[in-house]
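start.pdb follows; it contains PDB, C-alpha atoms.
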```pdb
ATOM      1  CA  MET A   1     -10.280   6.391 -19.098  1.00  0.00           C
ATOM      2  CA  ALA A   2      -6.666   7.354 -18.417  1.00  0.00           C
ATOM      3  CA  GLU A   3      -4.190   6.831 -21.239  1.00  0.00           C
ATOM      4  CA  ARG A   4      -1.280   6.332 -18.872  1.00  0.00           C
ATOM      5  CA  VAL A   5      -0.589   5.862 -15.201  1.00  0.00           C
ATOM      6  CA  ILE A   6       2.233   7.518 -13.291  1.00  0.00           C
ATOM      7  CA  VAL A   7       3.914   6.205 -10.151  1.00  0.00           C
ATOM      8  CA  ALA A   8       4.047   9.589  -8.468  1.00  0.00           C
ATOM      9  CA  GLY A   9       5.650   8.748  -5.127  1.00  0.00           C
ATOM     10  CA  VAL A  10       7.690   5.995  -3.569  1.00  0.00           C
ATOM     11  CA  GLY A  11       8.484   5.174   0.047  1.00  0.00           C
ATOM     12  CA  MET A  12      10.447   2.301   1.535  1.00  0.00           C
ATOM     13  CA  THR A  13      11.676   1.128   4.916  1.00  0.00           C
ATOM     14  CA  ALA A  14      14.794  -0.838   5.760  1.00  0.00           C
ATOM     15  CA  PHE A  15      14.507  -4.552   5.020  1.00  0.00           C
ATOM     16  CA  THR A  16      15.407  -6.845   7.909  1.00  0.00           C
ATOM     17  CA  THR A  17      14.394 -10.178   9.387  1.00  0.00           C
ATOM     18  CA  PRO A  18      11.021 -10.266  11.180  1.00  0.00           C
ATOM     19  CA  SER A  19      12.703 -10.990  14.522  1.00  0.00           C
ATOM     20  CA  ARG A  20      14.580  -7.675  14.282  1.00  0.00           C
ATOM     21  CA  SER A  21      11.853  -5.645  12.641  1.00  0.00           C
ATOM     22  CA  ARG A  22       9.447  -3.109  14.070  1.00  0.00           C
ATOM     23  CA  PRO A  23       5.738  -4.003  13.765  1.00  0.00           C
ATOM     24  CA  TYR A  24       4.371  -3.875  10.210  1.00  0.00           C
ATOM     25  CA  THR A  25       1.965  -1.130  11.207  1.00  0.00           C
ATOM     26  CA  GLU A  26       4.895   1.181  12.028  1.00  0.00           C
ATOM     27  CA  LEU A  27       6.731   0.226   8.838  1.00  0.00           C
ATOM     28  CA  ALA A  28       3.619   0.899   6.743  1.00  0.00           C
ATOM     29  CA  VAL A  29       3.123   4.339   8.287  1.00  0.00           C
ATOM     30  CA  GLU A  30       6.732   5.265   7.579  1.00  0.00           C
ATOM     31  CA  ALA A  31       6.680   4.032   3.973  1.00  0.00           C
ATOM     32  CA  VAL A  32       3.321   5.630   3.092  1.00  0.00           C
ATOM     33  CA  GLN A  33       4.239   8.962   4.659  1.00  0.00           C
ATOM     34  CA  GLU A  34       7.473   8.949   2.664  1.00  0.00           C
ATOM     35  CA  ALA A  35       5.635   8.093  -0.577  1.00  0.00           C
ATOM     36  CA  LEU A  36       3.080  10.855  -0.035  1.00  0.00           C
ATOM     37  CA  ARG A  37       5.837  13.389   0.721  1.00  0.00           C
ATOM     38  CA  ASP A  38       7.648  12.239  -2.426  1.00  0.00           C
ATOM     39  CA  CYS A  39       4.653  13.045  -4.633  1.00  0.00           C
ATOM     40  CA  GLY A  40       3.333  16.030  -2.684  1.00  0.00           C
ATOM     41  CA  LEU A  41      -0.089  14.480  -2.000  1.00  0.00           C
ATOM     42  CA  GLY A  42      -2.032  13.916   1.204  1.00  0.00           C
ATOM     43  CA  TYR A  43      -4.166  11.101   2.590  1.00  0.00           C
ATOM     44  CA  GLY A  44      -7.304  12.780   1.287  1.00  0.00           C
ATOM     45  CA  ASP A  45      -6.080  12.400  -2.299  1.00  0.00           C
ATOM     46  CA  VAL A  46      -6.034   8.583  -2.109  1.00  0.00           C
ATOM     47  CA  GLY A  47      -9.206   6.916  -3.388  1.00  0.00           C
ATOM     48  CA  ARG A  48      -8.341   3.285  -2.689  1.00  0.00           C
ATOM     49  CA  VAL A  49      -5.573   1.178  -1.140  1.00  0.00           C
ATOM     50  CA  TYR A  50      -4.247  -2.158  -2.365  1.00  0.00           C
ATOM     51  CA  ALA A  51      -2.316  -3.754   0.514  1.00  0.00           C
ATOM     52  CA  GLY A  52      -0.119  -6.679  -0.472  1.00  0.00           C
ATOM     53  CA  TYR A  53       1.178  -9.201   2.045  1.00  0.00           C
ATOM     54  CA  VAL A  54       1.357 -12.983   2.382  1.00  0.00           C
ATOM     55  CA  TYR A  55       1.748 -13.662   6.104  1.00  0.00           C
ATOM     56  CA  GLY A  56      -0.714 -11.974   8.423  1.00  0.00           C
ATOM     57  CA  ASP A  57      -4.309 -11.693   9.481  1.00  0.00           C
ATOM     58  CA  SER A  58      -7.040 -11.272   6.897  1.00  0.00           C
ATOM     59  CA  ALA A  59      -7.414  -7.528   7.572  1.00  0.00           C
ATOM     60  CA  SER A  60      -3.762  -6.581   8.059  1.00  0.00           C
ATOM     61  CA  GLY A  61      -4.026  -4.052   5.236  1.00  0.00           C
ATOM     62  CA  GLN A  62      -6.804  -2.219   7.034  1.00  0.00           C
ATOM     63  CA  ARG A  63      -4.842  -2.262  10.283  1.00  0.00           C
ATOM     64  CA  ALA A  64      -1.741  -0.836   8.597  1.00  0.00           C
ATOM     65  CA  VAL A  65      -3.621   1.914   6.783  1.00  0.00           C
ATOM     66  CA  TYR A  66      -5.955   2.841   9.617  1.00  0.00           C
ATOM     67  CA  ALA A  67      -2.880   3.783  11.631  1.00  0.00           C
ATOM     68  CA  LEU A  68      -2.438   6.542   9.042  1.00  0.00           C
ATOM     69  CA  GLY A  69      -5.921   7.885   9.661  1.00  0.00           C
ATOM     70  CA  MET A  70      -7.265   6.682   6.311  1.00  0.00           C
ATOM     71  CA  THR A  71     -10.406   5.161   7.794  1.00  0.00           C
ATOM     72  CA  GLY A  72     -12.743   6.246   4.978  1.00  0.00           C
ATOM     73  CA  VAL A  73     -10.679   4.731   2.161  1.00  0.00           C
ATOM     74  CA  PRO A  74     -11.552   1.273   0.788  1.00  0.00           C
ATOM     75  CA  VAL A  75      -8.707  -1.161   1.445  1.00  0.00           C
ATOM     76  CA  LEU A  76      -8.333  -4.353  -0.570  1.00  0.00           C
ATOM     77  CA  ASN A  77      -5.975  -7.009   0.770  1.00  0.00           C
ATOM     78  CA  VAL A  78      -3.914  -8.765  -1.914  1.00  0.00           C
ATOM     79  CA  ASN A  79      -2.293 -12.162  -1.389  1.00  0.00           C
ATOM     80  CA  ASN A  80      -0.845 -13.885  -4.431  1.00  0.00           C
ATOM     81  CA  ASN A  81       2.250 -15.539  -2.960  1.00  0.00           C
ATOM     82  CA  CYS A  82       5.383 -14.508  -4.880  1.00  0.00           C
ATOM     83  CA  ALA A  83       3.352 -12.229  -7.158  1.00  0.00           C
ATOM     84  CA  THR A  84       1.666 -10.264  -4.356  1.00  0.00           C
ATOM     85  CA  GLY A  85       3.546  -7.005  -4.900  1.00  0.00           C
ATOM     86  CA  SER A  86       3.109  -7.000  -8.657  1.00  0.00           C
ATOM     87  CA  SER A  87      -0.558  -7.972  -8.259  1.00  0.00           C
ATOM     88  CA  ALA A  88      -1.225  -5.042  -5.907  1.00  0.00           C
ATOM     89  CA  LEU A  89       0.523  -2.688  -8.322  1.00  0.00           C
ATOM     90  CA  MET A  90      -1.441  -4.086 -11.285  1.00  0.00           C
ATOM     91  CA  LEU A  91      -4.753  -3.604  -9.466  1.00  0.00           C
ATOM     92  CA  ALA A  92      -3.775  -0.047  -8.549  1.00  0.00           C
ATOM     93  CA  ARG A  93      -2.901   0.677 -12.173  1.00  0.00           C
ATOM     94  CA  GLU A  94      -6.209  -0.757 -13.374  1.00  0.00           C
ATOM     95  CA  ALA A  95      -8.146   1.437 -10.921  1.00  0.00           C
ATOM     96  CA  VAL A  96      -6.510   4.548 -12.390  1.00  0.00           C
ATOM     97  CA  MET A  97      -6.647   3.382 -16.030  1.00  0.00           C
ATOM     98  CA  SER A  98     -10.366   2.668 -15.747  1.00  0.00           C
ATOM     99  CA  GLY A  99     -11.072   6.123 -14.358  1.00  0.00           C
ATOM    100  CA  LEU A 100     -12.339   4.695 -11.064  1.00  0.00           C
ATOM    101  CA  HIS A 101      -9.847   6.840  -9.124  1.00  0.00           C
ATOM    102  CA  ASP A 102      -7.260   9.495  -9.923  1.00  0.00           C
ATOM    103  CA  CYS A 103      -4.938   8.438  -7.126  1.00  0.00           C
ATOM    104  CA  VAL A 104      -4.534   5.050  -5.438  1.00  0.00           C
ATOM    105  CA  LEU A 105      -1.994   3.546  -3.089  1.00  0.00           C
ATOM    106  CA  ALA A 106      -0.257   0.213  -3.556  1.00  0.00           C
ATOM    107  CA  LEU A 107       1.350  -0.840  -0.292  1.00  0.00           C
ATOM    108  CA  GLY A 108       3.346  -3.958   0.450  1.00  0.00           C
ATOM    109  CA  PHE A 109       4.583  -5.314   3.766  1.00  0.00           C
ATOM    110  CA  GLU A 110       5.519  -8.534   5.478  1.00  0.00           C
ATOM    111  CA  GLN A 111       6.266  -9.593   9.015  1.00  0.00           C
TER     112      GLN A 111
END
```
Whole structure, structure tokens version:
Amino acid sequence: MAERVIVAGVGMTAFTTPSRSRPYTELAVEAVQEALRDCGLGYGDVGRVYAGYVYGDSASGQRAVYALGMTGVPVLNVNNNCATGSSALMLAREAVMSGLHDCVLALGFEQ
């Protein structure tokens, strides 16, 4: 069991209204690539993905992450209304704290 969890990398895209935004799949790719560059890790280091969003299809998390080539990584979609982002981050932290994975990805998007 890990004694502490570190947020090792962060990536973010510009926030704009959905009518002016690129598709969420493009935004997710950009943000995840930036986060992985920030921490110096690659896709192969990620053991699980927690994808948080409220509006979208039931497997939007898989669609966003599969565009990155992470097809062998379990993806859990998180929808908890206004607490979606913090819920995804909490689940990611728990996965590391429990020793389930050394590295996980918490990803949030909306469109």
Could you write out as an mmCIF file with C-alpha atoms, in the coordinates of the input the residues that the PyMOL selection byres ((chain A and resi 4) around 12) matches in the shown file?
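Saved to out.cif:
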```cif
data_model
loop_
_atom_site.group_PDB
_atom_site.id
_atom_site.type_symbol
_atom_site.label_atom_id
_atom_site.label_comp_id
_atom_site.auth_asym_id
_atom_site.auth_seq_id
_atom_site.Cartn_x
_atom_site.Cartn_y
_atom_site.Cartn_z
ATOM 1 C CA MET A 1 -10.280 6.391 -19.098
ATOM 2 C CA ALA A 2 -6.666 7.354 -18.417
ATOM 3 C CA GLU A 3 -4.190 6.831 -21.239
ATOM 4 C CA VAL A 5 -0.589 5.862 -15.201
ATOM 5 C CA ILE A 6 2.233 7.518 -13.291
ATOM 6 C CA VAL A 7 3.914 6.205 -10.151
ATOM 7 C CA ARG A 93 -2.901 0.677 -12.173
ATOM 8 C CA GLU A 94 -6.209 -0.757 -13.374
ATOM 9 C CA ALA A 95 -8.146 1.437 -10.921
ATOM 10 C CA VAL A 96 -6.510 4.548 -12.390
ATOM 11 C CA MET A 97 -6.647 3.382 -16.030
ATOM 12 C CA SER A 98 -10.366 2.668 -15.747
ATOM 13 C CA GLY A 99 -11.072 6.123 -14.358
ATOM 14 C CA ASP A 102 -7.260 9.495 -9.923
#
```
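Proximity of A:Leu68, A:Val49, A:Met12, A:Leu41 to A:His101, computed with all atoms listed in the file, is greatest for A:Val49.
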Nearest to A:Gly47, chosen from A:Ala14, A:Ala8, A:Met70, A:Val78, with all atoms listed in the file counted in the distances: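 Among A:Ala14, A:Ala8, A:Met70, A:Val78, it is A:Met70 that comes nearest to A:Gly47.
Shortest atom-to-atom contact with A:Leu27 among A:Leu76, A:Ala83, A:Leu107, A:Cys39: A:Leu107, counting all atoms listed in the file.
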Interatomic distance (Å, one decimal) between atom CA of A:Thr16 and atom CA of A:Thr84: 18.7 Å
Result set, the PyMOL selection byres ((chain A and resi 110) around 8) on current file, as a list in words: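 After applying the PyMOL selection byres ((chain A and resi 110) around 8), what remains is Tyr24, Tyr53, Val54, Tyr55, Gly56, Gly108, Phe109 and Gln111 of chain A.
Atom CA of A:Asn81 is positioned 29.2 Å from atom CA of A:Asp45.
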Among listed residues A:Gly52, A:Val73, A:Pro23, A:Asp38, nearest A:Ser86 (using all atoms listed in the file):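 Ranked by minimum distance to A:Ser86, first place goes to A:Gly52.
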Atom CA of A:Asp57 to atom CA of A:Gly9, straight-line distance in Å: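 Computing it gives 27.0 Å between the two atoms.
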Explicit residue set for the PyMOL selection byres ((chain A and resi 64) around 8), as a VMD selection string: chain A and resid 24 to 26 28 to 29 60 to 63 65 to 68
Selected residue of minimal separation from A:Ala59 among A:Gly11, A:Gly42, A:Pro74, A:Gly85, counting all atoms listed in the file: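 Closest residue, counting all atoms listed in the file: A:Pro74.
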Shortest interatomic distance to A:Arg37 - which of A:Val104, A:Met90, A:Ala51, A:Val10, counting all atoms listed in the file: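 So, comparing all the options, the nearest one is A:Val10.
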